[in-house]
Each structure stands twice: as structure tokens, then as C-alpha cells.
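Peer 1: There's a structure below that I have some questions on.
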Amino acid sequence: MSTEYILEVYDPDDRRANNKYISSTPFGAFSVGDTVKTETQGTARITSIGHMVSQLPKSENITHITMLHTSIRE
């Protein structure tokens, strides 16, 4: 069984992930209040974190998505 890890960083007030990263190993831990530097918005503060884990029926592959919602760093 294999797992694909996806990290999505959402710009403030945007429902689309403008920064998406894919890995075969887990990403490090994030906490609300941490700052992240992204390709499209520079440095931003994490305001909420969501996770989604899925597996298609009869598939050996698992996908774990971590969704970081942000605000502009003040």
C-alpha cells in the first residue's frame, strides 16, 4: 500500500489552492499561528488546518491532503 501526500496552501478569502505540493513522504507538522512562505503570496499566517484522507474502492493507494488556510502576515 502506498500513500501520496499533498499540501495545499490557500490564499486569504480564496477557495482555490494557489500553492500545491506533492510528496511520497509526510510533510512536517503545522499549527494555527505558524507562518508559511508561499510562491504566490509571500509570507502568510496559518488560520486553520484541514485534512482529507481518501482511498478509491479496490485501490491500494491512499491520498492524504493537508489544507492550510492563511491570512496575510501582519
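Following the order of the C-alpha cells, chains are lettered A, B, ..., residues in each are numbered from 1, and ligands are numbered from 1.
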Compile the contact shell of Glu4 in chain A as a list in words: residues with an atom at most 8 Å away, counting only C-alpha atoms, same-chain residues fewer than 2 positions apart removed.

Peer 2: Ser2, Ile6, Ile22, Ser23, Ser24, Thr25, Asn61, Ile62, Thr63 and His64 of chain A

Peer 1: For the residues selected in the previous step, produce a file with C-alpha atoms as a short mmCIF file (atom, residue, chain, number, x, y, z; two decimals), in the first residue's frame.

Peer 2:
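Ended up saving to result25.cif:
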```cif
data_model
loop_
_atom_site.label_atom_id
_atom_site.label_comp_id
_atom_site.auth_asym_id
_atom_site.auth_seq_id
_atom_site.Cartn_x
_atom_site.Cartn_y
_atom_site.Cartn_z
CA SER A 2 1.34 3.44 -0.91
CA ILE A 6 -0.49 16.65 -0.83
CA ILE A 22 3.01 16.60 -3.69
CA SER A 23 5.29 14.14 -1.88
CA SER A 24 5.70 10.44 -1.22
CA THR A 25 6.61 11.23 2.41
CA ASN A 61 -3.29 3.88 -2.92
CA ILE A 62 -4.19 6.34 -0.17
CA THR A 63 -4.17 10.13 -0.58
CA HIS A 64 -3.68 12.42 2.44
#
```

Peer 1: Would you list the contacts of Ile72 in chain A as an MDAnalysis selection string, taking every protein, DNA or RNA residue within 10 Å and counting only C-alpha atoms, but skipping same-chain residues closer than 6 positions in sequence?

Peer 2: chainID A and resid 11:12 35 41:47

Peer 1: Please, could you write that set of residues out with N, CA and C atoms as a PDB file, in the first residue's frame?

Peer 2:
```pdb
ATOM      1  N   ASP A  11      -4.786  30.946  -0.351  1.00  0.00           N
ATOM      2  CA  ASP A  11      -4.647  32.381  -0.132  1.00  0.00           C
ATOM      3  C   ASP A  11      -5.851  32.881   0.667  1.00  0.00           C
ATOM      4  N   PRO A  12      -5.718  34.012   1.372  1.00  0.00           N
ATOM      5  CA  PRO A  12      -6.850  34.562   2.130  1.00  0.00           C
ATOM      6  C   PRO A  12      -8.065  34.799   1.222  1.00  0.00           C
ATOM      7  N   THR A  35       3.745  30.660  10.475  1.00  0.00           N
ATOM      8  CA  THR A  35       3.838  31.361   9.202  1.00  0.00           C
ATOM      9  C   THR A  35       4.413  30.421   8.154  1.00  0.00           C
ATOM     10  N   GLN A  41       2.040  34.342  -2.534  1.00  0.00           N
ATOM     11  CA  GLN A  41       1.664  35.430  -1.633  1.00  0.00           C
ATOM     12  C   GLN A  41       2.754  35.823  -0.654  1.00  0.00           C
ATOM     13  N   GLY A  42       3.920  35.244  -0.752  1.00  0.00           N
ATOM     14  CA  GLY A  42       4.972  35.569   0.201  1.00  0.00           C
ATOM     15  C   GLY A  42       4.704  34.921   1.539  1.00  0.00           C
ATOM     16  N   THR A  43       4.949  35.641   2.619  1.00  0.00           N
ATOM     17  CA  THR A  43       4.769  35.087   3.957  1.00  0.00           C
ATOM     18  C   THR A  43       3.335  35.298   4.420  1.00  0.00           C
ATOM     19  N   ALA A  44       2.711  34.214   4.916  1.00  0.00           N
ATOM     20  CA  ALA A  44       1.332  34.273   5.395  1.00  0.00           C
ATOM     21  C   ALA A  44       1.224  33.512   6.709  1.00  0.00           C
ATOM     22  N   ARG A  45       0.182  33.831   7.475  1.00  0.00           N
ATOM     23  CA  ARG A  45      -0.065  33.172   8.758  1.00  0.00           C
ATOM     24  C   ARG A  45      -1.162  32.132   8.579  1.00  0.00           C
ATOM     25  N   ILE A  46      -0.964  30.935   9.141  1.00  0.00           N
ATOM     26  CA  ILE A  46      -1.963  29.864   9.056  1.00  0.00           C
ATOM     27  C   ILE A  46      -3.107  30.181  10.022  1.00  0.00           C
ATOM     28  N   THR A  47      -4.350  30.199   9.485  1.00  0.00           N
ATOM     29  CA  THR A  47      -5.522  30.496  10.307  1.00  0.00           C
ATOM     30  C   THR A  47      -6.338  29.248  10.624  1.00  0.00           C
TER      31      THR A  47
END
```

Peer 1: Quick one: residues within 6 Å of Ile65 in chain A, only C-alpha atoms, excluding same-chain residues fewer than 4 positions away - as a ChimeraX atom specification?

Peer 2: /A:5-7,51-52

Peer 1: Tell me, as a list in words, which residues lie within 10 Å of Lys20 in chain A, counting only C-alpha atoms; anything in the same chain fewer than 3 positions away does not count.

Peer 2: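 That gives Ile6, Leu7, Glu8, Val9, Tyr10, Ala17, Thr38, Glu39, Ile65, Thr66 and Met67 of chain A.
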